[in-house]
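Peer 1: Just so it is clear, I am handing over query_14.txt, which has compact mmCIF, C-alpha atoms and all ligand atoms.
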# COMPACT_ATOMS: atom_id res chain seq x y z
CA MET A 1 26.66 -15.93 0.35
CA ARG A 2 26.80 -12.89 2.59
CA ALA A 3 26.20 -9.30 1.59
CA ALA A 4 26.92 -5.98 3.29
CA ILE A 5 25.33 -2.63 2.50
CA LEU A 6 27.29 0.58 3.02
CA THR A 7 25.52 3.93 2.55
CA ILE A 8 27.50 7.15 2.34
CA GLY A 9 26.45 10.73 3.02
CA ASP A 10 26.82 13.48 5.63
CA GLU A 11 23.05 14.04 5.36
CA LEU A 12 22.48 10.44 6.48
CA ILE A 13 24.71 10.50 9.57
CA SER A 14 23.31 13.86 10.66
CA GLY A 15 19.74 12.59 10.47
CA LEU A 16 18.67 15.10 7.81
CA THR A 17 17.78 12.34 5.35
CA ALA A 18 16.40 8.92 6.30
CA ASP A 19 18.44 6.09 4.80
CA THR A 20 15.85 4.46 2.56
CA ASN A 21 18.47 3.00 0.21
CA SER A 22 19.59 0.46 2.83
CA ALA A 23 16.02 -0.71 3.36
CA TYR A 24 15.40 -1.05 -0.38
CA LEU A 25 18.62 -2.95 -1.00
CA ALA A 26 18.25 -5.19 2.05
CA ARG A 27 14.70 -6.14 1.04
CA SER A 28 15.86 -6.85 -2.51
CA LEU A 29 18.78 -9.00 -1.38
CA VAL A 30 16.56 -11.00 0.96
CA GLU A 31 14.15 -11.51 -1.95
CA LEU A 32 17.08 -12.85 -3.96
CA GLY A 33 17.85 -15.29 -1.16
CA ILE A 34 21.09 -13.52 -0.15
CA ALA A 35 21.73 -13.09 3.57
CA VAL A 36 22.53 -9.51 4.61
CA SER A 37 25.14 -9.45 7.35
CA SER A 38 25.33 -5.71 7.99
CA LEU A 39 24.08 -2.24 7.11
CA SER A 40 26.40 0.61 7.87
CA THR A 41 26.55 4.31 7.16
CA VAL A 42 29.45 6.78 7.11
CA GLY A 43 29.75 10.43 6.15
CA ASP A 44 31.45 11.84 3.04
CA HIS A 45 34.93 11.41 4.52
CA PRO A 46 37.56 9.44 2.58
CA ALA A 47 39.20 7.86 5.62
CA ASP A 48 35.87 6.72 7.10
CA ILE A 49 34.69 5.31 3.78
CA SER A 50 37.93 3.39 3.19
CA ARG A 51 38.02 2.01 6.74
CA GLU A 52 34.38 0.87 6.66
CA LEU A 53 34.72 -0.70 3.20
CA ASP A 54 37.79 -2.57 4.39
CA ARG A 55 35.89 -3.86 7.41
CA VAL A 56 32.72 -4.99 5.63
CA SER A 57 34.44 -6.47 2.58
CA SER A 58 36.61 -8.67 4.78
CA CYS A 59 33.52 -10.61 5.87
CA SER A 60 31.19 -10.38 2.84
CA ASP A 61 31.06 -11.81 -0.66
CA VAL A 62 29.05 -8.89 -2.00
CA VAL A 63 29.20 -5.24 -0.92
CA LEU A 64 26.66 -2.68 -2.13
CA VAL A 65 27.78 0.94 -1.70
CA THR A 66 25.47 3.92 -2.35
CA GLY A 67 26.00 7.69 -2.35
CA GLY A 68 28.70 10.20 -3.16
CA LEU A 69 29.01 9.38 -6.85
CA GLY A 70 28.24 12.89 -8.15
CA PRO A 71 30.72 15.33 -9.68
CA THR A 72 30.86 17.76 -6.75
CA GLU A 73 33.61 18.11 -4.18
CA ASP A 74 31.58 16.42 -1.46
CA ASP A 75 31.34 13.27 -3.58
CA VAL A 76 34.39 11.25 -2.61
CA THR A 77 33.14 7.68 -2.83
CA LYS A 78 34.95 6.59 -6.00
CA GLN A 79 38.36 7.82 -4.78
CA SER A 80 37.85 6.30 -1.33
CA VAL A 81 36.66 2.93 -2.60
CA ALA A 82 39.51 2.80 -5.11
CA LYS A 83 41.99 3.61 -2.35
CA ALA A 84 40.60 0.94 -0.04
CA LEU A 85 40.87 -1.65 -2.81
CA GLY A 86 44.34 -0.49 -3.86
CA LEU A 87 43.20 0.73 -7.29
CA GLN A 88 43.85 3.89 -9.30
CA LEU A 89 41.09 6.05 -10.78
CA ARG A 90 41.28 6.13 -14.59
CA LEU A 91 39.33 8.00 -17.22
CA ASP A 92 36.99 5.58 -19.03
CA PRO A 93 37.11 6.80 -22.68
CA ASP A 94 33.80 5.15 -23.66
CA LEU A 95 31.98 6.60 -20.68
CA HIS A 96 33.63 9.97 -21.28
CA ARG A 97 32.38 10.02 -24.88
CA ARG A 98 28.83 9.05 -23.84
CA LEU A 99 28.78 11.74 -21.15
CA LEU A 100 30.06 14.39 -23.59
CA GLU A 101 27.19 13.50 -25.94
CA ARG A 102 24.70 13.56 -23.09
CA PHE A 103 25.83 16.98 -21.84
CA GLU A 104 26.28 18.65 -25.23
CA GLY A 105 24.98 22.19 -24.95
CA HIS A 106 24.62 22.06 -21.12
CA ALA A 107 26.48 25.07 -19.78
CA SER A 108 26.69 23.59 -16.25
CA ALA A 109 28.61 20.53 -17.45
CA THR A 110 32.14 21.92 -17.60
CA PRO A 111 34.91 19.69 -19.02
CA GLU A 112 36.08 19.06 -15.42
CA VAL A 113 32.61 17.90 -14.32
CA VAL A 114 32.29 15.51 -17.25
CA GLU A 115 35.80 14.22 -16.72
CA ASN A 116 35.15 13.68 -13.05
CA LEU A 117 32.02 11.65 -13.84
CA ALA A 118 34.02 9.53 -16.30
CA MET A 119 36.74 8.57 -13.78
CA ILE A 120 36.36 5.00 -12.56
CA PRO A 121 38.55 2.59 -10.59
CA GLU A 122 40.82 0.61 -12.93
CA GLY A 123 39.22 -2.66 -14.04
CA ALA A 124 35.73 -1.60 -12.93
CA GLU A 125 32.70 -2.32 -15.13
CA THR A 126 30.15 0.43 -15.61
CA LEU A 127 26.47 -0.27 -14.87
CA PRO A 128 24.11 1.92 -16.90
CA ASN A 129 22.01 4.55 -15.15
CA PRO A 130 18.81 4.88 -17.19
CA VAL A 131 17.60 7.92 -15.22
CA GLY A 132 20.74 9.96 -14.43
CA ALA A 133 24.32 10.85 -15.30
CA ALA A 134 26.25 9.01 -12.57
CA VAL A 135 26.68 5.40 -13.69
CA GLY A 136 26.97 2.50 -11.28
CA LEU A 137 30.19 0.49 -11.00
CA LEU A 138 31.10 -3.10 -10.37
CA VAL A 139 34.57 -3.78 -9.02
CA ARG A 140 35.63 -7.42 -8.72
CA VAL A 141 38.23 -8.22 -6.09
CA GLY A 142 39.05 -11.94 -6.32
CA ASP A 143 35.71 -13.67 -5.76
CA LYS A 144 34.21 -10.63 -4.07
CA ARG A 145 32.06 -8.08 -5.81
CA VAL A 146 31.73 -4.43 -4.82
CA TYR A 147 28.83 -2.58 -6.48
CA ILE A 148 28.82 1.21 -6.27
CA LEU A 149 25.46 2.90 -6.89
CA PRO A 150 24.27 6.52 -6.96
CA GLY A 151 22.71 7.94 -3.78
CA VAL A 152 19.52 9.44 -5.24
CA PRO A 153 16.99 6.70 -4.46
CA ARG A 154 15.34 6.75 -7.90
CA GLU A 155 18.73 6.37 -9.60
CA MET A 156 19.99 3.80 -7.11
CA GLU A 157 16.86 1.68 -7.76
CA ALA A 158 17.19 2.00 -11.53
CA VAL A 159 20.85 0.93 -11.53
CA PHE A 160 20.13 -1.89 -9.10
CA GLU A 161 17.23 -3.24 -11.12
CA THR A 162 18.92 -3.06 -14.52
CA GLY A 163 22.52 -3.90 -13.61
CA VAL A 164 22.81 -5.49 -10.19
CA ARG A 165 19.75 -7.70 -9.70
CA PRO A 166 20.31 -9.76 -12.89
CA ASP A 167 23.99 -10.13 -12.00
CA LEU A 168 23.24 -11.37 -8.47
CA LEU A 169 20.49 -13.65 -9.71
CA ALA A 170 22.99 -15.43 -11.96
CA LEU A 171 25.54 -16.10 -9.19
CA PRO A 172 25.77 -19.68 -7.98
CA LYS A 173 24.53 -19.84 -4.39
CA THR A 174 25.60 -22.31 -1.76
CA GLU A 175 22.88 -21.15 0.60
CA VAL A 176 19.48 -19.63 -0.09
CA VAL A 177 17.31 -17.74 2.39
CA SER A 178 13.55 -17.65 1.83
CA SER A 179 11.39 -15.45 4.01
CA ARG A 180 7.82 -14.38 4.62
CA LEU A 181 5.87 -12.09 6.93
CA ILE A 182 2.88 -13.53 8.75
CA LYS A 183 0.77 -10.62 10.00
CA THR A 184 -1.36 -11.07 13.11
CA THR A 185 -3.79 -9.08 15.25
CA GLY A 186 -5.28 -9.41 18.68
CA LEU A 187 -2.35 -11.08 20.46
CA ARG A 188 0.70 -9.74 22.24
CA GLU A 189 4.20 -10.99 21.44
CA SER A 190 4.39 -12.99 24.66
CA ALA A 191 1.02 -14.66 24.01
CA ILE A 192 2.09 -15.64 20.50
CA ALA A 193 5.41 -16.93 21.79
CA GLY A 194 3.57 -19.07 24.36
CA MET A 195 1.19 -20.46 21.76
CA LEU A 196 3.98 -21.20 19.27
CA ARG A 197 6.39 -22.73 21.79
CA PRO A 198 5.29 -26.37 21.32
CA ALA A 199 5.28 -25.98 17.51
CA VAL A 200 8.58 -24.10 17.21
CA LYS A 201 10.77 -27.12 17.86
CA ASP A 202 9.33 -28.78 14.73
CA ILE A 203 9.70 -25.63 12.65
CA GLN A 204 12.91 -25.52 10.65
CA ALA A 205 12.50 -21.82 9.89
CA SER A 206 13.56 -19.08 12.32
CA VAL A 207 10.79 -16.91 13.79
CA GLY A 208 11.25 -13.18 14.50
CA TYR A 209 8.69 -11.04 16.32
CA LEU A 210 7.98 -7.55 14.95
CA PRO A 211 5.37 -5.68 17.02
CA ARG A 212 3.55 -2.84 15.21
CA LEU A 213 0.55 -0.65 16.01
CA THR A 214 -1.78 -2.96 14.11
CA GLY A 215 -0.51 -6.17 15.68
CA VAL A 216 2.56 -8.40 15.63
CA ASP A 217 4.21 -9.42 12.36
CA LEU A 218 6.11 -12.71 12.43
CA SER A 219 9.12 -12.94 10.17
CA LEU A 220 9.76 -16.53 9.08
CA LYS A 221 13.12 -17.29 7.53
CA ALA A 222 14.17 -20.60 5.98
CA THR A 223 17.78 -21.29 5.03
CA ALA A 224 18.64 -24.18 2.71
CA CYS A 225 21.05 -25.24 0.00
CA ASP A 226 18.61 -24.52 -2.82
CA GLU A 227 15.49 -22.47 -3.51
CA GLY A 228 13.13 -25.43 -3.74
CA ARG A 229 14.12 -26.74 -0.34
CA ALA A 230 13.98 -23.30 1.29
CA ALA A 231 10.50 -22.77 -0.19
CA ARG A 232 9.31 -26.14 1.15
CA ILE A 233 10.62 -25.39 4.66
CA LEU A 234 8.90 -22.00 4.54
CA GLU A 235 5.56 -23.48 3.39
CA GLU A 236 5.67 -26.10 6.10
CA ALA A 237 6.51 -23.54 8.78
CA THR A 238 3.74 -21.22 7.56
CA GLY A 239 1.24 -24.06 7.75
CA LYS A 240 2.26 -24.85 11.34
CA VAL A 241 2.02 -21.21 12.45
CA LEU A 242 -1.39 -20.85 10.77
CA ALA A 243 -2.64 -24.00 12.47
CA VAL A 244 -1.74 -22.55 15.88
CA LEU A 245 -2.76 -18.90 15.38
CA GLY A 246 -5.82 -19.43 13.15
CA ARG A 247 -7.87 -16.29 12.62
CA HIS A 248 -5.34 -14.10 14.40
CA VAL A 249 -3.41 -14.24 11.13
CA TYR A 250 -4.74 -11.75 8.59
CA SER A 251 -2.14 -12.07 5.85
CA THR A 252 0.83 -14.13 4.71
CA ASP A 253 1.42 -12.23 1.47
CA GLY A 254 2.36 -8.76 2.71
CA LEU A 255 -1.14 -7.26 2.55
CA GLU A 256 -2.12 -4.79 5.28
CA ILE A 257 -5.34 -5.22 7.22
CA HIS A 258 -7.34 -2.60 5.29
CA GLN A 259 -6.39 -4.31 2.01
CA VAL A 260 -7.46 -7.69 3.37
CA VAL A 261 -10.79 -6.26 4.58
CA GLY A 262 -11.37 -4.38 1.32
CA ASP A 263 -10.66 -7.52 -0.71
CA LEU A 264 -12.96 -9.59 1.52
CA LEU A 265 -15.78 -7.04 1.11
CA ILE A 266 -15.34 -7.08 -2.66
CA LYS A 267 -15.03 -10.85 -2.92
CA THR A 268 -18.11 -11.54 -0.78
CA GLY A 269 -20.11 -8.64 -2.29
CA THR A 270 -20.83 -7.27 1.20
CA THR A 271 -21.85 -3.62 1.54
CA LEU A 272 -20.60 -1.40 4.34
CA ALA A 273 -21.26 1.96 5.99
CA VAL A 274 -18.91 3.50 8.56
CA ALA A 275 -19.63 5.93 11.39
CA GLU A 276 -16.46 7.37 12.92
CA SER A 277 -15.98 9.64 15.88
CA CYS A 278 -12.53 9.42 17.48
CA THR A 279 -10.88 7.89 14.38
CA GLY A 280 -11.91 11.01 12.43
CA GLY A 281 -12.25 9.30 9.04
CA LEU A 282 -9.12 7.14 9.25
CA ILE A 283 -11.09 3.92 8.64
CA GLY A 284 -12.67 5.56 5.60
CA HIS A 285 -9.27 6.74 4.40
CA LEU A 286 -7.76 3.27 4.69
CA LEU A 287 -10.67 1.51 2.99
CA THR A 288 -10.72 4.01 0.14
CA GLU A 289 -7.07 3.12 -0.57
CA VAL A 290 -8.35 -0.24 -1.90
CA PRO A 291 -9.10 -0.26 -5.65
CA GLY A 292 -12.67 -1.34 -6.43
CA ILE A 293 -14.02 -0.58 -2.94
CA SER A 294 -16.74 1.69 -4.37
CA ALA A 295 -18.77 -1.44 -5.13
CA CYS A 296 -19.03 -2.11 -1.37
CA LEU A 297 -18.41 1.06 0.63
CA ASP A 298 -21.56 3.20 0.71
CA ARG A 299 -20.57 6.01 3.07
CA VAL A 300 -18.25 7.13 5.83
CA VAL A 301 -19.85 9.54 8.30
CA VAL A 302 -17.46 11.44 10.54
CA SER A 303 -19.82 12.36 13.37
CA TYR A 304 -17.60 14.11 15.87
CA SER A 305 -20.07 16.11 17.95
CA ASN A 306 -23.05 14.82 19.89
CA SER A 307 -25.40 16.73 17.61
CA ALA A 308 -23.84 15.12 14.52
CA LYS A 309 -24.37 11.70 16.10
CA VAL A 310 -28.05 12.59 16.66
CA GLU A 311 -28.68 14.30 13.32
CA CYS A 312 -26.71 12.07 10.97
CA LEU A 313 -27.00 8.69 12.68
CA GLY A 314 -30.18 8.86 14.78
CA VAL A 315 -28.37 8.28 18.09
CA SER A 316 -30.93 9.15 20.79
CA GLU A 317 -30.43 12.17 23.07
CA GLU A 318 -31.37 9.95 26.02
CA THR A 319 -28.57 7.48 25.25
CA LEU A 320 -26.05 10.29 25.05
CA LYS A 321 -27.33 11.78 28.30
CA ALA A 322 -27.50 8.50 30.19
CA HIS A 323 -24.28 6.85 28.96
CA GLY A 324 -22.22 9.57 27.28
CA ALA A 325 -20.80 9.78 23.77
CA VAL A 326 -18.05 7.30 24.62
CA SER A 327 -20.11 4.27 25.59
CA ARG A 328 -21.15 0.88 24.32
CA GLU A 329 -24.70 2.13 23.86
CA THR A 330 -23.68 5.09 21.69
CA ALA A 331 -21.31 2.93 19.62
CA GLU A 332 -24.10 0.44 18.99
CA GLU A 333 -26.59 3.15 18.00
CA MET A 334 -24.01 4.73 15.69
CA ALA A 335 -23.40 1.40 13.90
CA ARG A 336 -27.10 0.63 13.63
CA GLY A 337 -27.93 4.18 12.56
CA VAL A 338 -25.37 4.34 9.76
CA ARG A 339 -26.28 0.86 8.50
CA GLU A 340 -29.99 1.71 8.40
CA ALA A 341 -29.45 5.09 6.72
CA ALA A 342 -27.24 3.50 4.06
CA GLY A 343 -29.18 0.27 3.71
CA THR A 344 -25.95 -1.75 3.77
CA ASP A 345 -25.22 -5.26 5.03
CA ILE A 346 -22.88 -4.00 7.76
CA GLY A 347 -22.45 -0.81 9.78
CA ILE A 348 -19.38 -0.19 11.94
CA SER A 349 -18.60 2.58 14.40
CA THR A 350 -15.93 4.03 16.69
CA THR A 351 -16.28 6.44 19.60
CA GLY A 352 -13.52 7.08 22.10
CA ILE A 353 -11.20 9.38 23.99
CA ALA A 354 -8.06 9.93 21.89
CA GLY A 355 -6.47 12.21 24.54
CA PRO A 356 -4.22 13.62 25.77
CA GLY A 357 -6.94 15.31 27.89
CA GLY A 358 -10.56 14.39 28.56
CA GLY A 359 -10.08 11.16 30.50
CA THR A 360 -11.71 10.23 33.82
CA ASP A 361 -11.23 7.29 36.20
CA GLU A 362 -14.25 5.61 34.71
CA LYS A 363 -13.43 6.52 31.12
CA PRO A 364 -9.66 6.87 30.77
CA VAL A 365 -7.76 8.36 27.84
CA GLY A 366 -7.44 5.66 25.17
CA LEU A 367 -10.86 4.10 25.84
CA VAL A 368 -12.56 3.33 22.52
CA HIS A 369 -15.94 1.67 22.01
CA PHE A 370 -16.75 -0.12 18.76
CA GLY A 371 -20.14 -1.10 17.40
CA LEU A 372 -20.88 -3.48 14.56
CA ALA A 373 -24.38 -3.91 13.10
CA VAL A 374 -25.12 -6.86 10.80
CA GLY A 375 -28.74 -7.28 9.76
CA SER A 376 -30.70 -6.95 12.98
CA GLY A 377 -27.73 -8.11 15.06
CA LEU A 378 -25.45 -5.84 17.07
CA LYS A 379 -21.96 -6.48 18.42
CA ALA A 380 -19.92 -4.29 20.73
CA HIS A 381 -16.32 -4.26 21.82
CA HIS A 382 -14.11 -1.85 23.73
CA GLU A 383 -10.42 -1.42 24.41
CA VAL A 384 -8.14 0.97 26.25
CA PHE A 385 -5.16 1.87 24.05
CA ASN A 386 -1.84 3.27 25.26
CA GLY A 387 -0.12 6.01 23.37
CA SER A 388 -0.41 9.46 21.88
CA ARG A 389 -3.52 10.78 20.15
CA GLY A 390 -2.26 9.62 16.76
CA VAL A 391 -1.41 6.16 18.09
CA VAL A 392 -4.86 5.75 19.70
CA LYS A 393 -6.51 6.67 16.40
CA ARG A 394 -4.38 4.25 14.39
CA ARG A 395 -4.82 1.41 16.86
CA ALA A 396 -8.57 2.00 17.01
CA ALA A 397 -8.88 1.99 13.22
CA ALA A 398 -6.95 -1.29 13.07
CA VAL A 399 -9.19 -2.90 15.69
CA ALA A 400 -12.36 -1.76 13.87
CA LEU A 401 -10.98 -3.20 10.63
CA ASP A 402 -10.17 -6.43 12.43
CA MET A 403 -13.74 -6.68 13.78
CA LEU A 404 -14.93 -6.29 10.22
CA ARG A 405 -12.51 -8.93 8.97
CA ARG A 406 -13.65 -11.49 11.53
CA GLN A 407 -17.30 -10.70 10.77
CA LEU A 408 -16.70 -11.17 7.05
CA LEU A 409 -14.99 -14.51 7.71
CA ASP A 410 -18.06 -15.58 9.76
CA LEU A 411 -20.39 -14.55 6.93
CA LYS A 412 -18.26 -16.49 4.46
CA GLU A 413 -18.54 -19.73 6.43
P1 LIG A 501 24.64 11.66 -3.47
O1 LIG A 501 24.63 10.64 -4.55
O2 LIG A 501 25.42 11.21 -2.30
O3 LIG A 501 25.07 13.03 -3.95
O4 LIG A 501 23.14 11.82 -2.93
C1 LIG A 501 22.20 12.61 -3.56
C2 LIG A 501 20.93 12.70 -2.75
O5 LIG A 501 20.35 11.41 -2.65
C3 LIG A 501 21.12 13.15 -1.31
O6 LIG A 501 21.00 14.52 -1.17
C4 LIG A 501 20.01 12.47 -0.57
O7 LIG A 501 18.84 13.28 -0.61
C5 LIG A 501 19.75 11.24 -1.38
N1 LIG A 501 20.34 10.06 -0.75
C6 LIG A 501 21.65 9.70 -0.73
N2 LIG A 501 21.84 8.55 -0.05
C7 LIG A 501 20.62 8.17 0.38
C8 LIG A 501 20.15 7.05 1.15
N3 LIG A 501 20.99 6.10 1.62
N4 LIG A 501 18.83 6.97 1.42
C9 LIG A 501 18.00 7.93 0.96
N5 LIG A 501 18.36 8.98 0.24
C10 LIG A 501 19.66 9.12 -0.06
MG MG A 502 26.12 12.77 -1.00
Please lay out the structure from this file as structure tokens.
Ligand code: AMP
Ligand code: MG

Peer 2:
Amino acid sequence: MRAAILTIGDELISGLTADTNSAYLARSLVELGIAVSSLSTVGDHPADISRELDRVSSCSDVVLVTGGLGPTEDDVTKQSVAKALGLQLRLDPDLHRRLLERFEGHASATPEVVENLAMIPEGAETLPNPVGAAVGLLVRVGDKRVYILPGVPREMEAVFETGVRPDLLALPKTEVVSSRLIKTTGLRESAIAGMLRPAVKDIQASVGYLPRLTGVDLSLKATACDEGRAARILEEATGKVLAVLGRHVYSTDGLEIHQVVGDLLIKTGTTLAVAESCTGGLIGHLLTEVPGISACLDRVVVSYSNSAKVECLGVSEETLKAHGAVSRETAEEMARGVREAAGTDIGISTTGIAGPGGGTDEKPVGLVHFGLAVGSGLKAHHEVFNGSRGVVKRRAAAVALDMLRRQLLDLKE
């Protein structure tokens, strides 16, 4: 079964509003095991809507349309869809009565507005909208189904969840797609591709590479005639990828790296203190997103200046003078200092040059040193990140979290 998603709105094609409806619907369809063959967007223009609906419905079993269902003049979806499908718009008496009750006493709801909302293509079924006035519609054309949903994301989601998802779930499927994201750190796309090459020929699932700031996500997709078989193919493929990539994989269930690290801290009962310079509290922000982290996270010190590093963390003036604030030595003293002050199992630190200025040949923009103190032990690491100031901060936070994750896995073993 193939599905197409068509979103409608001048605000979408002019870039004023990001099309989040497509993403929501595509994710939901994939979850339901339905392959999405296209996403397309047109403005609030009858001819464009009719032409695009014609095009996508000719090669899809299911079409999901969102936007332009309101009662105002710029809402032309119902008329345009009806025209493309060769149907007339008719007043639905039941819907009209319900809307009249709903709008009783509302001065803004003129008889024309209510009537307009109650017009639906002949033969269409209405799908209740639990959070708004514009109902969804299902139009059947032979074996094909065209669902029309409101544009407001909250309403679109409510109509989808109550009216569309159960309907799609009940459809007999000749082909089911099962998918999963395997999230990795520490390897580039090309390195992963090289490592996976020998295994890929035995993997029945397709593998897509999705590079992000935190690492590369691998999208595994298994297609089969039923859910059980697709799930088995996916499990087998996941096992093979895990066997090759080992600890580079941090999650197979959608969790982000800070959630994985937070859960590991909580599960192992490990306490942590953080000393941040160039990441400016980002590591602390991410860890404090995790519910229950207060049992493990003692403090996050944002020590931006040299004097803060000396006063709050006990970094020595000599170290700063001899090696500079962005150095392995300073990173190590920051990690040790924060761990000792907090009395935690682990201390971790970042110090770097986020840019765009401040770099030298020896210490270029993007250079970040990391320190990790565990008991009396000290580990250091450094990297040079490409990108803007914000990108350097986000990459550095991800690498620090990954150091923590690997350390926690060592402690667990
Ligand atoms: P409409 O139903 O077309 O009148 O849309 C109402 C509002 O919903 C618009 O002003 C947008 O802010 C929002 N909206 C419509 N379509 C989308 C979409 N595809 N993604 C995100 N927001 C949308
Ligand atoms: Mg609109």

Peer 1: Please give me, as a PDB file with C-alpha atoms, in the coordinates of the input, the residues lying within 9 Å of ligand LIG 501 (chain A) when counting all atoms listed in the file.

Peer 2:
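So pocket-v6.pdb came out as:
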ATOM      1  CA  LEU A   6      27.290   0.580   3.020  1.00  0.00           C
ATOM      2  CA  THR A   7      25.520   3.930   2.550  1.00  0.00           C
ATOM      3  CA  ILE A   8      27.500   7.150   2.340  1.00  0.00           C
ATOM      4  CA  GLY A   9      26.450  10.730   3.020  1.00  0.00           C
ATOM      5  CA  ASP A  10      26.820  13.480   5.630  1.00  0.00           C
ATOM      6  CA  GLU A  11      23.050  14.040   5.360  1.00  0.00           C
ATOM      7  CA  LEU A  12      22.480  10.440   6.480  1.00  0.00           C
ATOM      8  CA  LEU A  16      18.670  15.100   7.810  1.00  0.00           C
ATOM      9  CA  THR A  17      17.780  12.340   5.350  1.00  0.00           C
ATOM     10  CA  ALA A  18      16.400   8.920   6.300  1.00  0.00           C
ATOM     11  CA  ASP A  19      18.440   6.090   4.800  1.00  0.00           C
ATOM     12  CA  THR A  20      15.850   4.460   2.560  1.00  0.00           C
ATOM     13  CA  ASN A  21      18.470   3.000   0.210  1.00  0.00           C
ATOM     14  CA  SER A  22      19.590   0.460   2.830  1.00  0.00           C
ATOM     15  CA  ALA A  23      16.020  -0.710   3.360  1.00  0.00           C
ATOM     16  CA  TYR A  24      15.400  -1.050  -0.380  1.00  0.00           C
ATOM     17  CA  THR A  41      26.550   4.310   7.160  1.00  0.00           C
ATOM     18  CA  ASP A  44      31.450  11.840   3.040  1.00  0.00           C
ATOM     19  CA  THR A  66      25.470   3.920  -2.350  1.00  0.00           C
ATOM     20  CA  GLY A  67      26.000   7.690  -2.350  1.00  0.00           C
ATOM     21  CA  GLY A  68      28.700  10.200  -3.160  1.00  0.00           C
ATOM     22  CA  LEU A  69      29.010   9.380  -6.850  1.00  0.00           C
ATOM     23  CA  GLY A  70      28.240  12.890  -8.150  1.00  0.00           C
ATOM     24  CA  PRO A  71      30.720  15.330  -9.680  1.00  0.00           C
ATOM     25  CA  THR A  72      30.860  17.760  -6.750  1.00  0.00           C
ATOM     26  CA  ASP A  74      31.580  16.420  -1.460  1.00  0.00           C
ATOM     27  CA  ASP A  75      31.340  13.270  -3.580  1.00  0.00           C
ATOM     28  CA  VAL A  76      34.390  11.250  -2.610  1.00  0.00           C
ATOM     29  CA  THR A  77      33.140   7.680  -2.830  1.00  0.00           C
ATOM     30  CA  ALA A 134      26.250   9.010 -12.570  1.00  0.00           C
ATOM     31  CA  LEU A 149      25.460   2.900  -6.890  1.00  0.00           C
ATOM     32  CA  PRO A 150      24.270   6.520  -6.960  1.00  0.00           C
ATOM     33  CA  GLY A 151      22.710   7.940  -3.780  1.00  0.00           C
ATOM     34  CA  VAL A 152      19.520   9.440  -5.240  1.00  0.00           C
ATOM     35  CA  PRO A 153      16.990   6.700  -4.460  1.00  0.00           C
ATOM     36  CA  ARG A 154      15.340   6.750  -7.900  1.00  0.00           C
ATOM     37  CA  GLU A 155      18.730   6.370  -9.600  1.00  0.00           C
ATOM     38  CA  MET A 156      19.990   3.800  -7.110  1.00  0.00           C
TER      39      MET A 156
END

Peer 1: Can you list, as a list in words, every protein, DNA or RNA residue that comes within 6 Å of region 388-405 of chain A when you count all atoms listed in the file, leaving out same-chain residues fewer than 6 positions away?

Peer 2: Leu213, Thr214, Val261, Thr279, Ile283, Ala354 and Gly355 of chain A

Peer 1: Can you measure CA of Glu115 (chain A) to CA of Tyr147 (chain A) for me? One decimal in Å is fine.

Peer 2: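 Rounded to one decimal, the two atoms are 20.9 Å apart.
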
Peer 1: Report as a VMD selection string all protein, DNA and RNA residues lying within 10 Å of Lys309 (chain A), evaluated on only C-alpha atoms, omitting residues in the same chain fewer than 6 positions from it.

Peer 2: chain A and resid 275 to 277 301 to 303 315 to 317 320 325 330 to 331 333 to 334 337 to 338

Peer 1: Would you put the residues from that selection into a file with C-alpha atoms, as a CSV table (one decimal), keeping the file's coordinate frame?

Peer 2:
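Everything below was put into selection.csv:
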chain,number,residue,atom,x,y,z
A,275,ALA,CA,-19.6,5.9,11.4
A,276,GLU,CA,-16.5,7.4,12.9
A,277,SER,CA,-16.0,9.6,15.9
A,301,VAL,CA,-19.8,9.5,8.3
A,302,VAL,CA,-17.5,11.4,10.5
A,303,SER,CA,-19.8,12.4,13.4
A,315,VAL,CA,-28.4,8.3,18.1
A,316,SER,CA,-30.9,9.2,20.8
A,317,GLU,CA,-30.4,12.2,23.1
A,320,LEU,CA,-26.0,10.3,25.0
A,325,ALA,CA,-20.8,9.8,23.8
A,330,THR,CA,-23.7,5.1,21.7
A,331,ALA,CA,-21.3,2.9,19.6
A,333,GLU,CA,-26.6,3.2,18.0
A,334,MET,CA,-24.0,4.7,15.7
A,337,GLY,CA,-27.9,4.2,12.6
A,338,VAL,CA,-25.4,4.3,9.8

Peer 1: Give me the residues near Asp94 (chain A) as a VMD selection string, where near means some atom within 12 Å (using only C-alpha atoms) and where sequence neighbours in that chain fewer than 6 positions away do not count.

Peer 2: chain A and resid 100 to 101 115 117 to 120 125 to 126

Peer 1: Could you tell me how far CA of Ile5 (chain A) sits from CA of Ala205 (chain A), in Å to one decimal place?

Peer 2: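 CA of Ala205 (chain A) sits 24.2 Å away from CA of Ile5 (chain A).
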
Peer 1: For Gln88 (chain A), please output as a PDB file with C-alpha atoms, keeping the file's coordinate frame all residues within 7 Å (counting all atoms listed in the file; exclusion window: fewer than 3 positions along the same chain).

Peer 2:
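Output file around-v2.pdb is given in full below:
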ATOM      1  CA  ALA A  82      39.510   2.800  -5.110  1.00  0.00           C
ATOM      2  CA  PRO A 121      38.550   2.590 -10.590  1.00  0.00           C
ATOM      3  CA  GLU A 122      40.820   0.610 -12.930  1.00  0.00           C
TER       4      GLU A 122
END

Peer 1: To one decimal place in Å, what is the distance between CA of Glu329 (chain A) and CA of Gly186 (chain A)?

Peer 2: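 If I compute the distance from CA of Glu329 (chain A) to CA of Gly186 (chain A), I get 23.2 Å.
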